[in-house]
>>> print(open('coords.txt').read())   # compact mmCIF, C-alpha atoms
# COMPACT_ATOMS: atom_id res chain seq x y z
CA MET A 1 6.66 0.06 33.66
CA ILE A 2 9.18 1.62 31.31
CA GLU A 3 11.70 -1.12 32.09
CA PHE A 4 9.42 -3.65 30.43
CA LEU A 5 9.75 -1.89 27.06
CA THR A 6 12.38 -3.15 24.66
CA PRO A 7 15.11 -0.79 23.42
CA LEU A 8 13.48 -0.87 19.98
CA ALA A 9 10.13 0.17 21.48
CA LEU A 10 11.80 3.10 23.24
CA VAL A 11 13.49 4.21 19.99
CA VAL A 12 10.17 4.00 18.14
CA ALA A 13 8.47 5.94 20.95
CA CYS A 14 11.03 8.74 20.72
CA ALA A 15 10.67 8.83 16.91
CA VAL A 16 6.87 9.08 17.26
CA ALA A 17 7.22 11.92 19.78
CA PHE A 18 9.61 13.74 17.43
CA GLY A 19 7.25 13.33 14.46
CA ALA A 20 4.25 14.47 16.48
CA GLY A 21 6.19 17.51 17.67
CA LEU A 22 7.23 18.30 14.08
CA VAL A 23 3.61 18.33 12.90
CA LYS A 24 2.51 20.36 15.92
CA GLY A 25 5.26 22.91 15.34
CA LEU A 26 4.15 23.27 11.73
CA VAL A 27 0.35 23.48 12.09
CA GLY A 28 -0.33 23.62 15.84
CA PHE A 29 -2.36 20.46 16.45
CA ALA A 30 -2.66 16.67 15.98
CA MET A 31 0.02 15.69 18.53
CA PRO A 32 -2.23 13.46 20.71
CA MET A 33 -3.71 11.78 17.63
CA ILE A 34 -0.27 10.97 16.22
CA MET A 35 1.21 9.89 19.53
CA ILE A 36 -1.62 7.64 20.66
CA SER A 37 -1.67 5.93 17.26
CA GLY A 38 2.10 5.53 17.03
CA LEU A 39 2.83 4.60 20.63
CA SER A 40 -0.01 2.07 20.76
CA SER A 41 1.78 0.08 18.06
CA VAL A 42 4.63 -0.75 20.44
CA MET A 43 3.06 -0.60 23.91
CA ALA A 44 -0.20 -0.97 25.81
CA PRO A 45 -2.79 1.78 25.17
CA GLU A 46 -2.74 2.88 28.82
CA LEU A 47 1.03 3.34 28.72
CA ALA A 48 0.72 5.16 25.38
CA LEU A 49 -1.76 7.57 26.98
CA ALA A 50 0.60 8.18 29.88
CA GLY A 51 3.46 8.77 27.44
CA LEU A 52 1.71 11.59 25.56
CA ILE A 53 0.47 13.60 28.56
CA LEU A 54 3.60 15.52 29.59
CA PRO A 55 4.85 16.27 26.05
CA THR A 56 1.37 17.51 25.16
CA LEU A 57 1.34 19.75 28.22
CA MET A 58 4.83 21.15 27.62
CA THR A 59 4.49 21.75 23.88
CA ASN A 60 1.17 23.54 24.30
CA GLY A 61 2.72 25.82 26.90
CA VAL A 62 5.57 26.65 24.52
CA GLN A 63 3.13 27.15 21.64
CA ALA A 64 0.85 29.49 23.60
CA LEU A 65 3.74 31.63 24.85
CA ARG A 66 5.94 31.71 21.74
CA GLN A 67 5.27 35.43 21.19
CA GLY A 68 5.12 36.20 24.91
CA TRP A 69 2.42 36.24 27.56
CA ARG A 70 0.94 39.55 26.39
CA ALA A 71 0.22 38.11 22.95
CA ALA A 72 -1.23 34.96 24.53
CA TRP A 73 -3.47 37.07 26.77
CA GLY A 74 -4.61 39.09 23.77
CA SER A 75 -5.66 35.89 21.99
CA ILE A 76 -7.51 34.72 25.10
CA ARG A 77 -9.43 38.00 25.20
CA ARG A 78 -10.27 37.85 21.49
CA PHE A 79 -11.64 34.28 21.70
CA ARG A 80 -12.94 34.45 25.28
CA ILE A 81 -16.52 33.57 24.30
CA PHE A 82 -15.34 30.50 22.39
CA LEU A 83 -13.19 29.42 25.35
CA VAL A 84 -15.86 29.91 28.02
CA VAL A 85 -18.67 28.26 26.04
CA GLY A 86 -16.38 25.40 25.04
CA ALA A 87 -15.30 24.80 28.65
CA VAL A 88 -18.89 24.74 29.92
CA MET A 89 -20.04 22.35 27.20
CA LEU A 90 -17.01 20.13 27.79
CA LEU A 91 -17.93 19.72 31.45
CA LEU A 92 -21.57 19.01 30.59
CA SER A 93 -20.96 16.58 27.75
CA ALA A 94 -18.44 14.59 29.77
CA GLN A 95 -21.43 13.22 31.66
CA LEU A 96 -22.72 11.57 28.47
CA VAL A 97 -19.73 9.28 28.00
CA ARG A 98 -21.47 6.31 29.60
CA ILE A 99 -24.77 6.59 27.76
CA MET A 100 -23.99 7.64 24.17
CA PRO A 101 -22.13 5.39 21.68
CA SER A 102 -18.73 6.85 20.94
CA HIS A 103 -18.89 5.96 17.23
CA VAL A 104 -21.94 8.21 16.80
CA MET A 105 -20.08 11.30 17.99
CA LEU A 106 -16.88 10.40 16.15
CA LEU A 107 -18.82 10.16 12.89
CA ALA A 108 -20.78 13.31 13.69
CA ILE A 109 -17.59 15.34 13.86
CA GLY A 110 -15.36 13.34 11.49
CA VAL A 111 -17.63 13.54 8.43
CA PRO A 112 -18.21 17.33 8.39
CA ILE A 113 -14.57 18.06 9.25
CA THR A 114 -13.38 15.85 6.38
CA LEU A 115 -15.84 17.42 3.93
CA PHE A 116 -14.81 20.90 5.10
CA ALA A 117 -11.11 20.17 4.54
CA ILE A 118 -11.74 18.60 1.11
CA SER A 119 -13.91 21.50 -0.06
CA GLN A 120 -11.34 24.05 1.13
CA LEU A 121 -8.48 22.21 -0.58
CA LEU A 122 -10.52 22.05 -3.81
CA GLY A 123 -11.02 25.80 -3.72
CA TYR A 124 -14.57 25.99 -2.41
CA ALA A 125 -13.60 28.27 0.43
CA LEU A 126 -15.85 28.77 3.43
CA VAL A 127 -14.67 32.10 4.79
CA LEU A 128 -16.12 33.95 7.77
CA ARG A 129 -15.38 37.63 7.26
CA GLN A 130 -15.71 38.22 10.97
CA ALA A 131 -16.63 36.19 14.02
CA SER A 132 -20.21 36.95 15.00
CA GLN A 133 -21.08 36.18 18.58
CA ARG A 134 -23.69 33.61 17.53
CA VAL A 135 -21.24 31.72 15.31
CA GLU A 136 -18.56 31.79 17.99
CA ILE A 137 -21.00 30.45 20.59
CA ALA A 138 -22.20 27.71 18.22
CA ILE A 139 -18.72 26.53 17.23
CA GLY A 140 -17.43 26.79 20.81
CA ALA A 141 -20.37 24.70 22.00
CA LEU A 142 -19.72 22.10 19.29
CA ALA A 143 -16.00 21.88 20.04
CA GLY A 144 -16.61 21.64 23.78
CA PHE A 145 -19.40 19.10 23.41
CA VAL A 146 -17.32 16.83 21.21
CA GLY A 147 -14.24 17.33 23.37
CA GLY A 148 -15.98 16.36 26.60
CA PHE A 149 -17.50 13.31 25.02
CA SER A 150 -14.67 11.97 22.90
CA GLY A 151 -11.54 13.87 23.96
CA VAL A 152 -11.29 15.32 20.42
CA TRP A 153 -11.73 19.09 20.31
CA GLY A 154 -8.96 20.04 17.92
CA PRO A 155 -10.63 19.57 14.49
CA PRO A 156 -13.68 21.83 15.05
CA THR A 157 -11.44 24.45 16.65
CA VAL A 158 -9.02 24.42 13.71
CA ALA A 159 -11.86 24.44 11.17
CA TYR A 160 -13.29 27.57 12.81
CA LEU A 161 -9.94 29.37 12.97
CA THR A 162 -9.23 28.41 9.35
CA ALA A 163 -12.62 29.68 8.17
CA LEU A 164 -11.81 32.99 9.88
CA ASN A 165 -8.51 33.03 7.97
CA THR A 166 -6.77 33.67 11.27
CA GLY A 167 -3.14 34.70 10.92
CA LYS A 168 -0.80 31.77 11.43
CA HIS A 169 0.87 33.17 14.56
CA GLU A 170 -2.41 33.94 16.27
CA GLN A 171 -3.91 30.63 15.20
CA MET A 172 -0.97 28.83 16.78
CA ARG A 173 -1.32 30.85 20.00
CA VAL A 174 -5.06 30.24 20.30
CA GLN A 175 -4.61 26.52 19.75
CA GLY A 176 -1.82 26.45 22.34
CA VAL A 177 -4.05 28.14 24.91
CA ILE A 178 -7.05 25.89 24.24
CA TYR A 179 -5.13 22.63 24.11
CA GLY A 180 -2.86 23.71 26.97
CA LEU A 181 -5.78 24.20 29.33
CA GLY A 182 -7.13 20.85 28.22
CA ALA A 183 -3.74 19.21 28.80
CA VAL A 184 -3.60 20.55 32.36
CA MET A 185 -7.00 19.02 33.07
CA LEU A 186 -5.92 15.78 31.41
CA PHE A 187 -2.79 15.60 33.57
CA ILE A 188 -4.76 16.18 36.78
CA ALA A 189 -7.48 13.73 35.79
CA HIS A 190 -5.03 10.93 35.04
CA ILE A 191 -3.11 11.38 38.25
CA GLY A 192 -6.42 10.55 39.86
CA SER A 193 -7.16 7.71 37.45
CA GLY A 194 -3.77 6.10 38.02
CA VAL A 195 -2.61 6.38 34.40
CA ILE A 196 0.11 8.77 35.58
CA ARG A 197 2.00 7.10 38.42
CA ALA A 198 5.56 6.28 39.46
CA GLU A 199 5.86 3.44 36.94
CA THR A 200 4.56 5.39 33.92
CA LEU A 201 5.85 8.91 34.62
CA PRO A 202 9.43 8.19 33.39
CA LEU A 203 8.14 7.37 29.89
CA SER A 204 6.14 10.59 29.73
CA VAL A 205 9.18 12.57 30.90
CA MET A 206 11.38 10.86 28.28
CA MET A 207 8.95 11.86 25.51
CA VAL A 208 9.22 15.58 26.29
CA LEU A 209 12.65 16.28 24.76
CA PRO A 210 12.12 14.65 21.33
CA ALA A 211 8.67 16.28 21.14
CA LEU A 212 10.15 19.72 21.88
CA ILE A 213 12.96 19.20 19.36
CA GLY A 214 10.45 18.17 16.70
CA MET A 215 8.27 21.15 17.56
CA TRP A 216 11.23 23.54 17.26
CA ILE A 217 12.06 22.22 13.78
CA GLY A 218 8.39 22.37 12.79
CA GLY A 219 8.24 25.96 14.01
CA ARG A 220 11.25 26.89 11.90
CA LEU A 221 9.55 25.34 8.86
CA GLN A 222 6.37 27.26 9.62
CA ASP A 223 8.34 30.53 9.74
CA ARG A 224 9.46 29.87 6.16
CA ILE A 225 5.99 29.42 4.68
CA ASP A 226 3.48 32.18 3.96
CA GLN A 227 -0.13 32.37 5.15
CA ALA A 228 -1.42 30.48 2.10
CA GLY A 229 1.09 27.67 2.62
CA PHE A 230 0.23 27.50 6.31
CA ARG A 231 -3.47 27.27 5.45
CA ARG A 232 -2.88 24.41 2.99
CA ALA A 233 -0.71 22.51 5.47
CA THR A 234 -3.37 22.98 8.16
CA LEU A 235 -6.11 21.70 5.86
CA VAL A 236 -4.11 18.60 4.89
CA VAL A 237 -3.57 17.68 8.56
CA LEU A 238 -7.21 18.52 9.30
CA LEU A 239 -8.26 16.16 6.48
CA LEU A 240 -6.14 13.39 7.97
CA ALA A 241 -7.57 14.07 11.43
CA GLY A 242 -11.14 13.92 10.13
CA ALA A 243 -10.43 10.71 8.23
CA ASN A 244 -8.91 9.23 11.38
CA LEU A 245 -12.07 10.04 13.35
CA ILE A 246 -14.16 8.27 10.72
CA ARG A 247 -11.78 5.29 10.84
CA ARG A 248 -12.10 5.11 14.63
CA ALA A 249 -15.90 5.27 14.36
CA VAL A 250 -16.10 2.51 11.75
CA MET A 251 -13.30 0.20 12.92
CA GLY A 252 -13.27 0.94 16.64
>>> encode(input="coords.txt", output="structure tokens")
Amino acid sequence: MIEFLTPLALVVACAVAFGAGLVKGLVGFAMPMIMISGLSSVMAPELALAGLILPTLMTNGVQALRQGWRAAWGSIRRFRIFLVVGAVMLLLSAQLVRIMPSHVMLLAIGVPITLFAISQLLGYALVLRQASQRVEIAIGALAGFVGGFSGVWGPPTVAYLTALNTGKHEQMRVQGVIYGLGAVMLFIAHIGSGVIRAETLPLSVMMVLPALIGMWIGGRLQDRIDQAGFRRATLVVLLLAGANLIRRAVMG
């Protein structure tokens, strides 16, 4: 299917992958949101979905293992309750896709995430001094529920990590682990669905390199900013993500 794309469309696709990788390298999330929006402007939505799968998988692997597998394992152990509860709720809520209007769930997560980001940016900080088991279960359940239903689990995850004032390196690792596991499942699911096939795989492969280059540059930029700067950058992207969810709910 890639041969049916014009040279201009391929250039735009590579630029979108680079930009998505840059943002991901800086704050750790928002790659699928950026890629599906950007790629859909120059190609069919199904092809855009195929295009983002491999770069999402590869960049999350790199992100999770940037400080080595021991550090990644340590983050998994620290947030194991969040991960397990989120995975269970994701599997359960996936069954609701056919019976619950998508705009209801998009609004349900988009509005509080947007308000959270705005309040934090204005200085009304919601800070969790430590992660109680009840809070971790509740947020993990919310993230998993929303993720299984709408495919969007990044914003509640980032809001939780931000409220904990998680160090930027650990926050990046945890996001890489969570989104990486999700990307593996996405890849497997769409081999079965036919989205990933011989005609679409070349586009997804082509998107990997510009995404990784963008992510490397974004990572270098992140190394230059302190924890406060990282937190502000995360909140700005989180605000945009929340606003995008509201836009999708209202406009379809």
>>> closest_residue(input="coords.txt", among="A:Arg78, A:Val104, A:Thr56, A:Arg70", to="A:Lys24", atoms="all atoms listed in the file")
A:Thr56
>>> atom_distance(input="coords.txt", atom1="atom CA of A:Ala64", atom2="atom CA of A:Gly167")
14.3 Å
>>> residues_around(input="coords.txt", residues="A:His190", least_positions_apart="3", cutoff="12 Å", atoms="only C-alpha atoms", output="ChimeraX atom specification")
/A:46-47,49-54,183-187,193-197,200-201
>>> atom_distance(input="coords.txt", atom1="atom CA of A:Gly38", atom2="atom CA of A:Val23")
13.5 Å
>>> residues_near_point(input="coords.txt", point="(-15.6, 10.8, 15.7)", cutoff="7 Å", atoms="only C-alpha atoms", output="JSON, numbers by chain")
{"A": [103, 104, 105, 106, 107, 108, 109, 110, 245, 246, 248, 249]}
>>> closest_residue(input="coords.txt", among="A:Phe145, A:Phe29, A:Phe79, A:Trp153", to="A:Gly218", atoms="only C-alpha atoms")
A:Phe29
>>> atom_distance(input="coords.txt", atom1="atom CA of A:Arg231", atom2="atom CA of A:Ala117")
10.5 Å
>>> closest_residue(input="coords.txt", among="A:Asn244, A:Gln133, A:Gln227, A:Asn60", to="A:Ile178", atoms="all atoms listed in the file")
A:Asn60
>>> closest_atom_pairs(input="coords.txt", of="stretch 24-141 of chain A", to="stretch 222-225 of chain A", cutoff="9 Å", atoms="only C-alpha atoms", output="Markdown table")
| residue | atom | partner | partner_atom | distance |
| --- | --- | --- | --- | --- |
| A:Gly25 | CA | A:Gln222 | CA | 7.3 |
| A:Leu26 | CA | A:Gln222 | CA | 5.0 |
| A:Val27 | CA | A:Gln222 | CA | 7.5 |
>>> write_last_selection(input="coords.txt", atoms="C-alpha atoms", output="CSV table (one decimal), keeping the file's coordinate frame")
chain,number,residue,atom,x,y,z
A,25,GLY,CA,5.3,22.9,15.3
A,26,LEU,CA,4.2,23.3,11.7
A,27,VAL,CA,0.4,23.5,12.1
>>> closest_residue(input="coords.txt", among="A:Met58, A:Ala48, A:Val208, A:Ala163", to="A:Ile36", atoms="all atoms listed in the file")
A:Ala48
>>> closest_residue(input="coords.txt", among="A:Val85, A:Leu22, A:Leu115, A:Leu39", to="A:Leu142", atoms="all atoms listed in the file")
A:Val85
>>> closest_residue(input="coords.txt", among="A:Val146, A:Cys14, A:Leu221, A:Ile34", to="A:Val205", atoms="only C-alpha atoms")
A:Cys14
>>> residues_around(input="coords.txt", residues="A:Ile81", least_positions_apart="5", cutoff="12 Å", atoms="only C-alpha atoms", output="list of chain:residue names")
A:Ser75, A:Ile76, A:Gly86, A:Ala87, A:Val88, A:Ala131, A:Ser132, A:Gln133, A:Arg134, A:Val135, A:Glu136, A:Ile137, A:Ala138, A:Ile139, A:Gly140, A:Ala141, A:Gly144
>>> residues_near_point(input="coords.txt", point="(13.0, 10.8, 14.7)", cutoff="12 Å", atoms="all atoms listed in the file", output="JSON, numbers by chain")
{"A": [10, 11, 12, 13, 14, 15, 16, 17, 18, 19, 20, 21, 22, 207, 209, 210, 211, 212, 213, 214, 215, 217]}
>>> decode(input="coords.txt", residues="stretch 90-240 of chain A", atoms="C-alpha atoms", output="PDB file, in the first residue's frame")
ATOM      1  CA  LEU A  90      -7.863  -3.004  30.440  1.00  0.00           C
ATOM      2  CA  LEU A  91      -8.878  -6.561  29.565  1.00  0.00           C
ATOM      3  CA  LEU A  92     -12.259  -6.161  31.255  1.00  0.00           C
ATOM      4  CA  SER A  93     -13.136  -2.756  29.844  1.00  0.00           C
ATOM      5  CA  ALA A  94     -12.217  -3.809  26.311  1.00  0.00           C
ATOM      6  CA  GLN A  95     -15.465  -5.776  26.328  1.00  0.00           C
ATOM      7  CA  LEU A  96     -17.457  -2.533  26.673  1.00  0.00           C
ATOM      8  CA  VAL A  97     -16.313  -1.057  23.363  1.00  0.00           C
ATOM      9  CA  ARG A  98     -19.448  -2.152  21.531  1.00  0.00           C
ATOM     10  CA  ILE A  99     -21.989  -0.999  24.099  1.00  0.00           C
ATOM     11  CA  MET A 100     -20.728   2.314  25.527  1.00  0.00           C
ATOM     12  CA  PRO A 101     -20.481   5.541  23.461  1.00  0.00           C
ATOM     13  CA  SER A 102     -16.851   6.452  22.953  1.00  0.00           C
ATOM     14  CA  HIS A 103     -17.480  10.189  23.410  1.00  0.00           C
ATOM     15  CA  VAL A 104     -18.683   9.567  26.972  1.00  0.00           C
ATOM     16  CA  MET A 105     -15.401   7.993  28.036  1.00  0.00           C
ATOM     17  CA  LEU A 106     -13.278  10.482  26.093  1.00  0.00           C
ATOM     18  CA  LEU A 107     -14.997  13.348  27.918  1.00  0.00           C
ATOM     19  CA  ALA A 108     -14.800  11.513  31.235  1.00  0.00           C
ATOM     20  CA  ILE A 109     -11.018  11.382  31.027  1.00  0.00           C
ATOM     21  CA  GLY A 110     -10.322  14.492  28.916  1.00  0.00           C
ATOM     22  CA  VAL A 111     -12.056  17.003  31.197  1.00  0.00           C
ATOM     23  CA  PRO A 112     -10.361  16.041  34.509  1.00  0.00           C
ATOM     24  CA  ILE A 113      -6.965  15.631  32.831  1.00  0.00           C
ATOM     25  CA  THR A 114      -7.246  19.101  31.266  1.00  0.00           C
ATOM     26  CA  LEU A 115      -8.348  20.670  34.554  1.00  0.00           C
ATOM     27  CA  PHE A 116      -5.521  18.887  36.382  1.00  0.00           C
ATOM     28  CA  ALA A 117      -2.901  20.195  33.942  1.00  0.00           C
ATOM     29  CA  ILE A 118      -4.294  23.755  34.048  1.00  0.00           C
ATOM     30  CA  SER A 119      -4.403  23.826  37.848  1.00  0.00           C
ATOM     31  CA  GLN A 120      -0.850  22.499  38.095  1.00  0.00           C
ATOM     32  CA  LEU A 121       0.449  25.034  35.573  1.00  0.00           C
ATOM     33  CA  LEU A 122      -1.297  27.840  37.495  1.00  0.00           C
ATOM     34  CA  GLY A 123       0.444  26.775  40.688  1.00  0.00           C
ATOM     35  CA  TYR A 124      -2.364  24.897  42.410  1.00  0.00           C
ATOM     36  CA  ALA A 125      -0.277  21.791  42.847  1.00  0.00           C
ATOM     37  CA  LEU A 126      -1.851  18.434  43.607  1.00  0.00           C
ATOM     38  CA  VAL A 127       1.014  16.529  45.177  1.00  0.00           C
ATOM     39  CA  LEU A 128       0.876  13.002  46.565  1.00  0.00           C
ATOM     40  CA  ARG A 129       3.594  12.725  49.184  1.00  0.00           C
ATOM     41  CA  GLN A 130       3.639   8.979  48.763  1.00  0.00           C
ATOM     42  CA  ALA A 131       1.711   6.400  46.792  1.00  0.00           C
ATOM     43  CA  SER A 132      -0.790   4.701  49.073  1.00  0.00           C
ATOM     44  CA  GLN A 133      -1.965   1.311  47.912  1.00  0.00           C
ATOM     45  CA  ARG A 134      -5.569   2.513  47.646  1.00  0.00           C
ATOM     46  CA  VAL A 135      -4.634   5.481  45.450  1.00  0.00           C
ATOM     47  CA  GLU A 136      -2.412   3.331  43.256  1.00  0.00           C
ATOM     48  CA  ILE A 137      -5.194   0.772  42.800  1.00  0.00           C
ATOM     49  CA  ALA A 138      -7.731   3.500  42.000  1.00  0.00           C
ATOM     50  CA  ILE A 139      -5.551   5.292  39.439  1.00  0.00           C
ATOM     51  CA  GLY A 140      -4.361   2.012  37.908  1.00  0.00           C
ATOM     52  CA  ALA A 141      -7.971   0.897  37.543  1.00  0.00           C
ATOM     53  CA  LEU A 142      -8.919   4.217  35.931  1.00  0.00           C
ATOM     54  CA  ALA A 143      -6.005   4.157  33.493  1.00  0.00           C
ATOM     55  CA  GLY A 144      -6.660   0.534  32.559  1.00  0.00           C
ATOM     56  CA  PHE A 145     -10.399   1.043  32.209  1.00  0.00           C
ATOM     57  CA  VAL A 146      -9.980   4.034  29.926  1.00  0.00           C
ATOM     58  CA  GLY A 147      -7.177   2.338  27.997  1.00  0.00           C
ATOM     59  CA  GLY A 148      -9.171  -0.799  27.263  1.00  0.00           C
ATOM     60  CA  PHE A 149     -12.160   1.198  26.163  1.00  0.00           C
ATOM     61  CA  SER A 150     -10.605   4.008  24.165  1.00  0.00           C
ATOM     62  CA  GLY A 151      -6.953   3.046  23.627  1.00  0.00           C
ATOM     63  CA  VAL A 152      -5.898   6.124  25.647  1.00  0.00           C
ATOM     64  CA  TRP A 153      -4.105   5.252  28.879  1.00  0.00           C
ATOM     65  CA  GLY A 154      -1.271   7.768  28.789  1.00  0.00           C
ATOM     66  CA  PRO A 155      -2.892  10.891  30.336  1.00  0.00           C
ATOM     67  CA  PRO A 156      -4.102   9.322  33.621  1.00  0.00           C
ATOM     68  CA  THR A 157      -0.769   7.528  33.981  1.00  0.00           C
ATOM     69  CA  VAL A 158       1.203  10.741  33.472  1.00  0.00           C
ATOM     70  CA  ALA A 159      -1.098  12.708  35.788  1.00  0.00           C
ATOM     71  CA  TYR A 160      -0.486  10.156  38.547  1.00  0.00           C
ATOM     72  CA  LEU A 161       3.294  10.117  38.077  1.00  0.00           C
ATOM     73  CA  THR A 162       3.343  13.924  37.979  1.00  0.00           C
ATOM     74  CA  ALA A 163       1.295  14.204  41.181  1.00  0.00           C
ATOM     75  CA  LEU A 164       3.848  11.908  42.829  1.00  0.00           C
ATOM     76  CA  ASN A 165       6.587  14.260  41.600  1.00  0.00           C
ATOM     77  CA  THR A 166       8.360  11.224  40.190  1.00  0.00           C
ATOM     78  CA  GLY A 167      11.929  11.900  39.105  1.00  0.00           C
ATOM     79  CA  LYS A 168      12.170  12.487  35.377  1.00  0.00           C
ATOM     80  CA  HIS A 169      14.321   9.434  34.653  1.00  0.00           C
ATOM     81  CA  GLU A 170      12.066   7.073  36.565  1.00  0.00           C
ATOM     82  CA  GLN A 171       8.945   8.652  35.098  1.00  0.00           C
ATOM     83  CA  MET A 172      10.319   8.043  31.614  1.00  0.00           C
ATOM     84  CA  ARG A 173      11.171   4.425  32.474  1.00  0.00           C
ATOM     85  CA  VAL A 174       7.751   3.675  33.958  1.00  0.00           C
ATOM     86  CA  GLN A 175       5.998   5.163  30.953  1.00  0.00           C
ATOM     87  CA  GLY A 176       8.229   3.151  28.622  1.00  0.00           C
ATOM     88  CA  VAL A 177       7.360  -0.067  30.425  1.00  0.00           C
ATOM     89  CA  ILE A 178       3.611   0.623  30.502  1.00  0.00           C
ATOM     90  CA  TYR A 179       3.319   1.835  26.937  1.00  0.00           C
ATOM     91  CA  GLY A 180       5.786  -0.794  25.698  1.00  0.00           C
ATOM     92  CA  LEU A 181       3.659  -3.641  27.011  1.00  0.00           C
ATOM     93  CA  GLY A 182       0.636  -1.998  25.448  1.00  0.00           C
ATOM     94  CA  ALA A 183       2.480  -1.606  22.131  1.00  0.00           C
ATOM     95  CA  VAL A 184       3.338  -5.318  22.076  1.00  0.00           C
ATOM     96  CA  MET A 185      -0.324  -6.179  22.548  1.00  0.00           C
ATOM     97  CA  LEU A 186      -1.286  -3.638  19.884  1.00  0.00           C
ATOM     98  CA  PHE A 187       1.167  -5.160  17.402  1.00  0.00           C
ATOM     99  CA  ILE A 188      -0.129  -8.688  18.017  1.00  0.00           C
ATOM    100  CA  ALA A 189      -3.761  -7.598  17.872  1.00  0.00           C
ATOM    101  CA  HIS A 190      -3.356  -5.814  14.551  1.00  0.00           C
ATOM    102  CA  ILE A 191      -1.534  -8.686  12.917  1.00  0.00           C
ATOM    103  CA  GLY A 192      -4.734 -10.565  13.626  1.00  0.00           C
ATOM    104  CA  SER A 193      -6.956  -7.693  12.501  1.00  0.00           C
ATOM    105  CA  GLY A 194      -5.100  -7.303   9.212  1.00  0.00           C
ATOM    106  CA  VAL A 195      -3.977  -3.723   9.832  1.00  0.00           C
ATOM    107  CA  ILE A 196      -0.382  -4.982   9.871  1.00  0.00           C
ATOM    108  CA  ARG A 197       0.203  -6.996   6.706  1.00  0.00           C
ATOM    109  CA  ALA A 198       2.638  -7.221   3.805  1.00  0.00           C
ATOM    110  CA  GLU A 199       1.274  -4.076   2.147  1.00  0.00           C
ATOM    111  CA  THR A 200       1.340  -1.863   5.261  1.00  0.00           C
ATOM    112  CA  LEU A 201       4.404  -3.172   7.108  1.00  0.00           C
ATOM    113  CA  PRO A 202       6.932  -1.238   4.928  1.00  0.00           C
ATOM    114  CA  LEU A 203       5.424   2.097   6.001  1.00  0.00           C
ATOM    115  CA  SER A 204       5.630   1.161   9.680  1.00  0.00           C
ATOM    116  CA  VAL A 205       9.255   0.059   9.221  1.00  0.00           C
ATOM    117  CA  MET A 206      10.090   3.326   7.425  1.00  0.00           C
ATOM    118  CA  MET A 207       8.684   5.354  10.343  1.00  0.00           C
ATOM    119  CA  VAL A 208      11.036   3.756  12.888  1.00  0.00           C
ATOM    120  CA  LEU A 209      14.251   5.604  11.993  1.00  0.00           C
ATOM    121  CA  PRO A 210      12.898   9.200  11.995  1.00  0.00           C
ATOM    122  CA  ALA A 211      11.012   8.429  15.224  1.00  0.00           C
ATOM    123  CA  LEU A 212      14.185   7.142  16.895  1.00  0.00           C
ATOM    124  CA  ILE A 213      16.209  10.135  15.670  1.00  0.00           C
ATOM    125  CA  GLY A 214      13.570  12.520  17.015  1.00  0.00           C
ATOM    126  CA  MET A 215      13.487  10.631  20.296  1.00  0.00           C
ATOM    127  CA  TRP A 216      17.285  10.822  20.628  1.00  0.00           C
ATOM    128  CA  ILE A 217      17.219  14.600  20.142  1.00  0.00           C
ATOM    129  CA  GLY A 218      14.305  14.927  22.570  1.00  0.00           C
ATOM    130  CA  GLY A 219      16.233  12.871  25.112  1.00  0.00           C
ATOM    131  CA  ARG A 220      19.247  15.161  24.793  1.00  0.00           C
ATOM    132  CA  LEU A 221      16.978  18.164  25.384  1.00  0.00           C
ATOM    133  CA  GLN A 222      15.463  16.462  28.421  1.00  0.00           C
ATOM    134  CA  ASP A 223      18.951  15.883  29.865  1.00  0.00           C
ATOM    135  CA  ARG A 224      19.510  19.649  29.764  1.00  0.00           C
ATOM    136  CA  ILE A 225      16.418  20.612  31.751  1.00  0.00           C
ATOM    137  CA  ASP A 226      15.944  20.239  35.497  1.00  0.00           C
ATOM    138  CA  GLN A 227      13.090  18.471  37.286  1.00  0.00           C
ATOM    139  CA  ALA A 228      10.965  21.632  37.394  1.00  0.00           C
ATOM    140  CA  GLY A 229      11.412  22.217  33.667  1.00  0.00           C
ATOM    141  CA  PHE A 230      10.588  18.580  32.936  1.00  0.00           C
ATOM    142  CA  ARG A 231       7.430  18.857  35.043  1.00  0.00           C
ATOM    143  CA  ARG A 232       6.283  21.993  33.186  1.00  0.00           C
ATOM    144  CA  ALA A 233       6.959  20.424  29.787  1.00  0.00           C
ATOM    145  CA  THR A 234       5.036  17.305  30.839  1.00  0.00           C
ATOM    146  CA  LEU A 235       2.070  19.371  32.013  1.00  0.00           C
ATOM    147  CA  VAL A 236       1.938  21.365  28.760  1.00  0.00           C
ATOM    148  CA  VAL A 237       1.836  18.165  26.680  1.00  0.00           C
ATOM    149  CA  LEU A 238      -0.673  16.665  29.129  1.00  0.00           C
ATOM    150  CA  LEU A 239      -2.869  19.759  28.675  1.00  0.00           C
ATOM    151  CA  LEU A 240      -2.728  19.337  24.899  1.00  0.00           C
TER     152      LEU A 240
END
